[in-house]
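**Student:** After the structure tokens below, expect a handful of questions from me.
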2 protein chains.
Amino acid sequence: MKKTIKVFAPASVTNVSCGFDIMGFAIDYPGDELKLTIKEKPGITITKITGDDGRLPLDPKKNTAGVSLISMVDRLKYEKGIDIEIYKKISFGSGLGSSASSAVASVFALNEILEKPFTRKELLSFALEGEKLTCGGSPHADNVSACLMGGFIIVRSIDPLDVVPIDVAADLYSIIIHPHLEISTADTRKILRSNILLADATIQWGNVAGLVAGLMSGDYDLISRSLQDVIIEPIRGILIPGFNDIKNSATNAGALGCSISGSGPSVFAFSKTKPEANNIGKAMKKVLSELDIDSDIYISKINKQGPRIIK
Amino acid sequence: MKKTIKVFAPASVTNVSCGFDIMGFAIDYPGDELKLTIKEKPGITITKITGDDGRLPLDPKKNTAGVSLISMVDRLKYEKGIDIEIYKKISFGSGLGSSASSAVASVFALNEILEKPFTRKELLSFALEGEKLTCGGSPHADNVSACLMGGFIIVRSIDPLDVVPIDVAADLYSIIIHPHLEISTADTRKILRSNILLADATIQWGNVAGLVAGLMSGDYDLISRSLQDVIIEPIRGILIPGFNDIKNSATNAGALGCSISGSGPSVFAFSKTKPEANNIGKAMKKVLSELDIDSDIYISKINKQGPRIIK
């Protein structure tokens with residue numbers, strides 16, 4: 001058995017416009033990296049974290065990756081010890097599943113080094129234990145599921161957990177802009193109304209049905225028509241400076257649709273081609289530049305692989 | 001050109017559990033029949049209606065089929081006259097799209113006899129004019145769309161109208177029980193709450209996404225898990241005597257799922273095989289028999305054809 005493994009776990013876009021709390025997909029980059037080493041002395045130790053500006057706790061019980069590993073080790077009744085090093089590449093509070101990525105990286109790494117005692121679906125429950133730390137105990141499975149399973153996923157149900165990978169026939173590019181602002185998931189959840197109109201909900205699930213059908217049948221026009229969120233985006237969009245202009249600029253540059261990634265502030269768009277994706281990225285970045293807000297652009301296909309071993 | 005044509009337009013099941021106002025499918029039977037004859041003298045005349053116990057108006061402006069035809073003739077600037085005879089085979093207020101069937105039959109018949117000046121999608125708008133009569137002016141496109149397009153459809157949006165046929169990989173039998181009770185669509189709409197919980201809506205659109213994915217991928221387990229309606233069925237089910245027992249009996253007899261057809265009182269279930277469908281039908285009927293309520297059972301595959309010419 002190898003004693004050391006290094007893995008990459010991708011960032012993910014969730015909600016995907018109309019699919020609040022039930023949809024997500026993995027992207028090619030950025031993604032957190034994690035090095036895991038088996039040692040004889042029992043216990044889990046986080047020996048190093050980089051890229052977090054010193055903000056993440058080294059105590060495994062307070063760290064997403066640590067908590068995920070602890071729940072997996074408990075289930076395995078694993079008796080050896082584990083050291084991990086975490087290389088954060090996804091910004092905190094970016095809306096790109098930063099904590100989910102670290103949680104997935106840790107359980108994926110241990111599963112690989114132990115020669116896969118668990119399926120990816122089984123790993124979900126361990127990674128979710130870590131993710132609960134970030135969400136304050138509320139169930140929130142979309143980032144973890146997208147990151148771990150790869151591709152496009154539906155979280156049909158949280159309780160019982162039912163994650164469905166869907167077979168996407170459309171060959172999509174995703175364009176993501178991450179404005180250098182931080183929004184906490186807890187805050188963006190608080191501003192949502194707990195009551196909504198049945199009429200709005202009906203519009204929303206019509207679009208959800210259309211989006212799933214469009215993705216599975218490869219109907220780009222249907223995908224484009226279905227990328228409408230009448231419930232969450234109108235509220236959360238207010239928190240993102242220039243959101244409406246970013247969205248309009250993406251659409252004018254040929255995007256099939258554009259909405260908030262997770263709870264923001266990152267914004268994603270889809271396009272059919274790479275040149276369009278490049279133009280859309282530039283157009284979105286220009287809006288933020290004019291507001292004096294720095295930003296990163298990520299252009300990627302849907303990442304069907306999920307986490308992977310790296311050198 | 002032929003002067004006379006006779007057509008059949010199928011009944012339809014809408015809402016389909018979680019898909020309130022956005023989903024429907026056509027069944028093989030029952031279906032309304034309509035005979036249309038071109039005459040030289042301008043004007044639309046309904047010369048006969050059978051199967052309605054004298055309850056439907058012969059005045060074309062007050063009759064679903066008549067209003068649909070009028071809107072089509074207006075668009076065509078058609079100068080000849082039309083006589084129609086309507087043979088109602090779908091009970092009023094059964095929840096099986098009785099009025100939609102007559103509306104579709106009339107426009108389909110005229111379109112066929114005129115050698116298809118319109119596509120089926122174009123015929124939708126005419127049939128919807130007729131359907132509006134029944135729904136008191138509120139848009140309600142699911143029955144008309146399912147009946148006219150055949151197969152399984154999503155009404156992604158009402159305004160603008162966007163009906164999406166979906167390619168169902170699952171080979172399903174539908175079992176429908178029609179209790180001999182009458183419920184008006186207007187009444188069943190009034191009892192719905194206009195405000196719902198976001199948490200419930202999220203559960204609902206998770207199931208909508210799962211149902212579409214299950215139908216398109218032929219995943220029977222996923223279809224079964226997704227056939228859950230946490231918003232409409234708990235309210236409308238109260239209006240159907242013995243509903244919970246009918247549902248339990250269907251599930252115990254092997255149904256993939258069971259819910260209300262349209263706004264009821266008909267109830268539908270799905271099964272994978274014909275023998276299961278027969279058992280489910282018997283089990284459902286037994287519940288109503290014990291309540292001294294007569295009922296009809298219809299067992300059918302999903303009708304992919306929609307309306308058709310008959311002899």
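Convention: chains lettered A, B, ... in structure tokens order; per-chain residue numbering from 1; ligands numbered from 1 as shown.
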At a cut-off of 10 Å, using only C-alpha atoms, what residues contact Gln305 in chain A? Leave out same-chain residues fewer than 6 positions from it and give the result as a list in words.
**Tutor:**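 Within the cut-off, the hits are Ala9, Pro10, Ala26, Ile27, Asp28, Cys147, Leu148, Met149, Gly150 and Gly151 of chain A.
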**Student:** Can you spit out the residues from that selection as an mmCIF file, in the first residue's frame, using C-alpha atoms?
**Tutor:**
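Now in selection.cif:
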```
data_model
loop_
_atom_site.group_PDB
_atom_site.id
_atom_site.type_symbol
_atom_site.label_atom_id
_atom_site.label_comp_id
_atom_site.auth_asym_id
_atom_site.auth_seq_id
_atom_site.Cartn_x
_atom_site.Cartn_y
_atom_site.Cartn_z
ATOM 1 C CA ALA A 9 -11.302 18.138 -5.799
ATOM 2 C CA PRO A 10 -13.057 20.582 -8.110
ATOM 3 C CA ALA A 26 -18.457 20.394 -11.143
ATOM 4 C CA ILE A 27 -16.010 22.527 -13.120
ATOM 5 C CA ASP A 28 -12.445 21.811 -14.244
ATOM 6 C CA CYS A 147 -17.818 17.922 -6.472
ATOM 7 C CA LEU A 148 -17.740 14.243 -5.487
ATOM 8 C CA MET A 149 -19.843 12.721 -8.257
ATOM 9 C CA GLY A 150 -18.625 15.033 -11.011
ATOM 10 C CA GLY A 151 -20.843 16.056 -13.894
#
```
**Student:** May I have the residues of chain B within 8 Å of chain A, counting only C-alpha atoms, written as a compact mmCIF listing (two decimals) with C-alpha atoms, in the first residue's frame?
**Tutor:**
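File selection-v9.txt, as written:
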```txt
# COMPACT_ATOMS: atom_id res chain seq x y z
CA GLY B 19 -45.77 18.49 -11.61
CA PHE B 20 -48.65 20.80 -10.72
CA ASP B 21 -49.74 22.81 -13.78
CA ILE B 22 -46.65 21.85 -15.78
CA ILE B 154 -43.94 19.73 -19.96
CA VAL B 155 -45.62 23.11 -19.99
CA ARG B 156 -42.43 25.00 -19.19
CA SER B 157 -44.18 28.33 -19.36
CA VAL B 164 -41.98 20.71 -24.47
CA ILE B 166 -40.27 14.79 -23.60
CA ARG B 193 -53.22 28.14 -0.71
CA SER B 194 -51.67 30.97 -2.69
CA ASN B 195 -48.65 31.01 -0.35
CA ILE B 196 -46.46 28.01 0.25
CA LEU B 197 -43.24 27.35 2.13
CA LEU B 198 -40.00 27.72 0.19
CA ALA B 199 -38.87 24.54 1.95
CA ALA B 201 -41.36 24.16 -2.93
CA THR B 202 -37.73 23.02 -2.87
CA ILE B 203 -38.83 19.46 -2.08
CA GLN B 204 -41.34 19.70 -4.92
CA TRP B 205 -38.90 20.88 -7.59
CA GLY B 206 -36.39 18.27 -6.47
CA ASN B 207 -39.05 15.70 -7.27
CA VAL B 208 -39.93 17.42 -10.56
CA ALA B 209 -36.27 17.25 -11.60
CA GLY B 210 -36.11 13.60 -10.53
CA VAL B 212 -38.16 14.25 -15.65
CA ALA B 213 -34.74 12.59 -15.33
CA MET B 216 -36.06 10.33 -19.86
CA SER B 226 -39.99 11.21 -7.47
```
**Student:** Fewer than 5 positions away in the same chain doesn't count, so skip those; otherwise give me all residues within 6 Å of range 263-268 of chain B, counting only C-alpha atoms, as a list in words.
**Tutor:** Ser94, Gly95, Ile175, Ile176, Ile177, His178, Ile240 and Cys258 of chain B
**Student:** Go ahead and write the residues just picked, N, CA and C atoms, as a PDB file, in the first residue's frame.
**Tutor:**
```pdb
ATOM      1  N   SER B  94     -64.069  14.950 -14.485  1.00  0.00           N
ATOM      2  CA  SER B  94     -63.465  13.689 -14.045  1.00  0.00           C
ATOM      3  C   SER B  94     -61.992  13.873 -13.704  1.00  0.00           C
ATOM      4  N   GLY B  95     -61.425  14.990 -14.157  1.00  0.00           N
ATOM      5  CA  GLY B  95     -59.981  15.177 -13.981  1.00  0.00           C
ATOM      6  C   GLY B  95     -59.186  14.531 -15.089  1.00  0.00           C
ATOM      7  N   ILE B 175     -52.633   3.433 -14.782  1.00  0.00           N
ATOM      8  CA  ILE B 175     -53.898   2.888 -14.306  1.00  0.00           C
ATOM      9  C   ILE B 175     -54.680   4.071 -13.767  1.00  0.00           C
ATOM     10  N   ILE B 176     -55.889   4.248 -14.293  1.00  0.00           N
ATOM     11  CA  ILE B 176     -56.685   5.399 -13.860  1.00  0.00           C
ATOM     12  C   ILE B 176     -58.014   4.905 -13.315  1.00  0.00           C
ATOM     13  N   ILE B 177     -58.363   5.394 -12.163  1.00  0.00           N
ATOM     14  CA  ILE B 177     -59.689   5.090 -11.620  1.00  0.00           C
ATOM     15  C   ILE B 177     -60.490   6.387 -11.571  1.00  0.00           C
ATOM     16  N   HIS B 178     -61.680   6.318 -12.156  1.00  0.00           N
ATOM     17  CA  HIS B 178     -62.562   7.482 -12.157  1.00  0.00           C
ATOM     18  C   HIS B 178     -63.757   7.198 -11.263  1.00  0.00           C
ATOM     19  N   ILE B 240     -61.404  13.833  -2.179  1.00  0.00           N
ATOM     20  CA  ILE B 240     -61.671  12.552  -2.844  1.00  0.00           C
ATOM     21  C   ILE B 240     -61.900  11.483  -1.778  1.00  0.00           C
ATOM     22  N   CYS B 258     -48.653   6.940  -7.149  1.00  0.00           N
ATOM     23  CA  CYS B 258     -50.096   7.141  -7.305  1.00  0.00           C
ATOM     24  C   CYS B 258     -50.415   8.546  -6.843  1.00  0.00           C
TER      25      CYS B 258
END
```
**Student:** If we count only C-alpha atoms, what is near Thr45 in chain A at a cut-off of 10 Å, once residues fewer than 6 positions away on the same chain are taken out, given as a list in words?
**Tutor:** Leu36, Thr37, Leu58, Asp59, Pro60, Gly66, Gly81, Ile82, Asp83, Ile84 and Glu85 of chain A
**Student:** In Å, with one decimal, what is the gap from CA of Ile280 in chain A to CA of Val230 in chain A?
**Tutor:**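 These atoms are spaced 22.8 Å apart.
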